[in-house]
Amino acid sequence: MDTTRVSGVGRGLLPSAQGRAGSGRSSLRLSLAFCSALFLLLSSLFAHSRDTVQGRRALSAPSAQADRLVREAERLWQAGRESEAAERLTVAQKLDETHPRIYQLRAQMARVAGRERLELQAWKRLVEVSRAEPPLRRQAKERIAELYRLLDGNRPEWEYRLPSPPPPTPDIDALAAGVWRLQLKPPLPSSRGQTGELHFVVPRERSDWWLVGCVDTRGLAVRASLQRKEREGWQTVWHFPTPEPQRFPRLECRLPSGEYRLRIEHDSTHDGVEGAFHVAVSLSLSREKPAPLAQQWTYRLHQDGSAEVEVTVSGAATLPVPFTAEGLQVEGARYSLLPPVYEYLSQLELRHAQVLLLQPTGEQATARFRWPDAAYNVPMTRHASEYRERFHFRSLSPLGTLPEGTEVSVHLPEGTGEITTLSPPPQSRDGSSLHFRLMANQVVTLHARNPEMNTRWLTATYRRLTLYIPDTPFYRRWLPEYLALLMRLYDRQQRMERGREPEEMRLLALPLPVTLPDGGTAEWGGVQGEAWLTCTERITPYRLRYTAEDNVEAQAIRRMFGQGAIRAIRW
């Protein structure tokens, strides 16, 4: 009976029990399916991880083999078996081209053997393709610069005025007495940037005076800040915004007494400059707020294309001085004159001029120099005959942001007739003198007729190519290397053309860019090819020694080899 009751109870509960049982079975099936899917996923992940590890091992095997060969090569070289060591390095390079020790060891072997050019080639290759760490890259770039000096007979590339290091005393009065050198160095061996600091104290008797300063960044992208020491640390009271190339921070603020530091930071990822270098800094202190900045430029052009340049400034200023300039004179100012920072494969924004940093000792300062290639005509052209009796001139591009209202005067050479192009419109004209008031970053551009102008040109010839560049001491200095570059490009293009070459080719390296009526630059192909290039940023140490590119010259020679009519391309 109990059994029947239980059975009855069981029958009465059967639908619910069956639902729970079905639900349990469904849950069990879902659990089994989930476990199966999870197992398959984990198996797939494990297989993928195993394949990845095997792939990494397969990829790392050549690198490990190359590393072993480099160690063998070093032992063989130390044992005096140089040829066998060189063979090991050749095989190692085929296995792992990015191994830095391959090129470092080749450079060391070349240095011991006294083969400077092979050593230079090895260091360059290390910087170009290897995965070298920052300390080794800096060592390579320093040695590249040193080798170029050795190959030049230790003749310096530049005659520049280097500022003195700051005095040991941190008093602001001592710093306000000159232009100083601030060294920027990597804070750590593994760092990819450089940092420099200039500390000083503003005494109580100078509290709330105006501090005015200017930093010659040499065209690199830097971040500048002025910080005051507080109990909790350094507090920023002035800063130069996001680092931009070819900007020159100008400091102007009122300071209470206290301890300060001017901090300059550079990130090498912006431009590829990785080693230590220095910048120039000028500081001055005054009780009253300084007057607005002003610059006045005067160009006196001559019939040989040269110009006497005079610039008058009030307040600290950074001015461009062309590489070709001669006879620089500065009156009424402390100053420094520095070239751009050059390192192999660096990407510079300032390549065409030295930087003159002026700190006037009174209300104004004046700088003067002769600019041999300020204007030019093109008497040797075959295709643009109007430029034989017409000359082109463009004023110097400003450094940084000029104050609005910069005064510029251009005195035209004797015999100047019709002015065909003039930008911007002058404010006034007095006979042969034009007077302009330029806004920020403007320049004066003019084309004018002058049959009596006769610019001097240097020429050099290779096979059927003739090069023309301005006749200045600076370009004479670099003509052999520039011609060697063109010779390599010519031979390479001739091989591509299977020995065919035009009857005559002319490459004109112009001091300044000129715009033709079609809005582009000039390249004529065919049997009498001709190309016009701007040489200002090209026939320089940076162009010839510190970059691996030759795109513009290669393109010009290729187009001159080809057939066709006038082609216009932009720079």
# chains A, B, ... in the order shown; residues from 1 in each chain; ligands from 1

call {"tool": "select_by_dssp", "arguments": {"residues": "segment 149-381 of chain A", "states": "strand (DSSP E)", "output": "ChimeraX atom specification"}}
result
/A:179-184,193-202,209-216,222-230,233-239,250-255,258-267,277-286,294-301,307-314,317-322,326-331,333-338,353-360,365-371,375-376

call {"tool": "residues_around", "arguments": {"residues": "Arg192 of chain A", "least_positions_apart": "6", "cutoff": "12 Å", "atoms": "only C-alpha atoms", "output": "VMD selection string"}}
result
chain A and resid 133 to 138 185 to 186 265 to 276

call {"tool": "select_by_dssp", "arguments": {"residues": "segment 310-537 of chain A", "states": "alpha helix (DSSP H)", "output": "VMD selection string"}}
result
chain A and resid 473 to 496

call {"tool": "closest_residue", "arguments": {"among": "A:Glu418, A:Glu259, A:Gln347, A:His392", "to": "Pro513 of chain A", "atoms": "only C-alpha atoms"}}
result
A:His392

call {"tool": "residues_around", "arguments": {"residues": "Arg334 of chain A", "least_positions_apart": "5", "cutoff": "9 Å", "atoms": "only C-alpha atoms", "output": "NGL selection string"}}
result
:A and (177-179 or 282 or 357-361)

call {"tool": "decode", "arguments": {"residues": "segment 473-491 of chain A", "atoms": "N, CA, C and O atoms", "output": "short mmCIF file (atom, residue, chain, number, x, y, z; two decimals), in the first residue's frame"}}
result
data_model
loop_
_atom_site.label_atom_id
_atom_site.label_comp_id
_atom_site.auth_asym_id
_atom_site.auth_seq_id
_atom_site.Cartn_x
_atom_site.Cartn_y
_atom_site.Cartn_z
N PRO A 473 83.27 80.72 -53.62
CA PRO A 473 84.20 79.82 -52.93
C PRO A 473 83.51 78.62 -52.30
O PRO A 473 84.07 77.52 -52.28
N PHE A 474 82.31 78.82 -51.78
CA PHE A 474 81.61 77.71 -51.14
C PHE A 474 81.30 76.61 -52.14
O PHE A 474 81.51 75.43 -51.87
N TYR A 475 80.79 76.96 -53.31
CA TYR A 475 80.44 75.94 -54.29
C TYR A 475 81.68 75.33 -54.94
O TYR A 475 81.65 74.17 -55.35
N ARG A 476 82.76 76.09 -55.04
CA ARG A 476 84.01 75.49 -55.52
C ARG A 476 84.45 74.37 -54.57
O ARG A 476 85.00 73.37 -55.01
N ARG A 477 84.20 74.59 -53.29
CA ARG A 477 84.59 73.60 -52.28
C ARG A 477 83.89 72.26 -52.51
O ARG A 477 84.48 71.20 -52.36
N TRP A 478 82.60 72.30 -52.90
CA TRP A 478 81.83 71.06 -52.99
C TRP A 478 81.61 70.59 -54.42
O TRP A 478 80.95 69.55 -54.63
N LEU A 479 82.15 71.31 -55.41
CA LEU A 479 81.95 70.91 -56.80
C LEU A 479 82.45 69.49 -57.09
O LEU A 479 81.75 68.72 -57.76
N PRO A 480 83.64 69.07 -56.64
CA PRO A 480 84.09 67.71 -56.97
C PRO A 480 83.14 66.62 -56.47
O PRO A 480 82.86 65.66 -57.20
N GLU A 481 82.63 66.77 -55.25
CA GLU A 481 81.73 65.74 -54.73
C GLU A 481 80.39 65.76 -55.45
O GLU A 481 79.79 64.71 -55.70
N TYR A 482 79.92 66.95 -55.78
CA TYR A 482 78.64 67.02 -56.48
C TYR A 482 78.77 66.43 -57.89
O TYR A 482 77.87 65.72 -58.36
N LEU A 483 79.87 66.72 -58.55
CA LEU A 483 80.10 66.15 -59.87
C LEU A 483 80.21 64.62 -59.78
O LEU A 483 79.70 63.90 -60.65
N ALA A 484 80.85 64.11 -58.73
CA ALA A 484 80.96 62.66 -58.57
C ALA A 484 79.58 62.02 -58.41
O ALA A 484 79.32 60.93 -58.94
N LEU A 485 78.68 62.69 -57.70
CA LEU A 485 77.31 62.20 -57.56
C LEU A 485 76.63 62.14 -58.93
O LEU A 485 76.00 61.13 -59.29
N LEU A 486 76.76 63.20 -59.71
CA LEU A 486 76.13 63.22 -61.03
C LEU A 486 76.74 62.17 -61.96
O LEU A 486 76.04 61.58 -62.79
N MET A 487 78.03 61.92 -61.84
CA MET A 487 78.67 60.90 -62.66
C MET A 487 78.09 59.52 -62.37
O MET A 487 77.81 58.74 -63.29
N ARG A 488 77.89 59.22 -61.08
CA ARG A 488 77.29 57.92 -60.72
C ARG A 488 75.89 57.80 -61.30
O ARG A 488 75.50 56.75 -61.82
N LEU A 489 75.11 58.86 -61.18
CA LEU A 489 73.74 58.83 -61.69
C LEU A 489 73.73 58.71 -63.22
O LEU A 489 72.90 57.99 -63.79
N TYR A 490 74.64 59.41 -63.87
CA TYR A 490 74.72 59.36 -65.34
C TYR A 490 75.03 57.93 -65.80
O TYR A 490 74.37 57.40 -66.70
N ASP A 491 76.06 57.33 -65.18
CA ASP A 491 76.44 55.97 -65.58
C ASP A 491 75.31 54.98 -65.32
O ASP A 491 75.07 54.08 -66.12
#
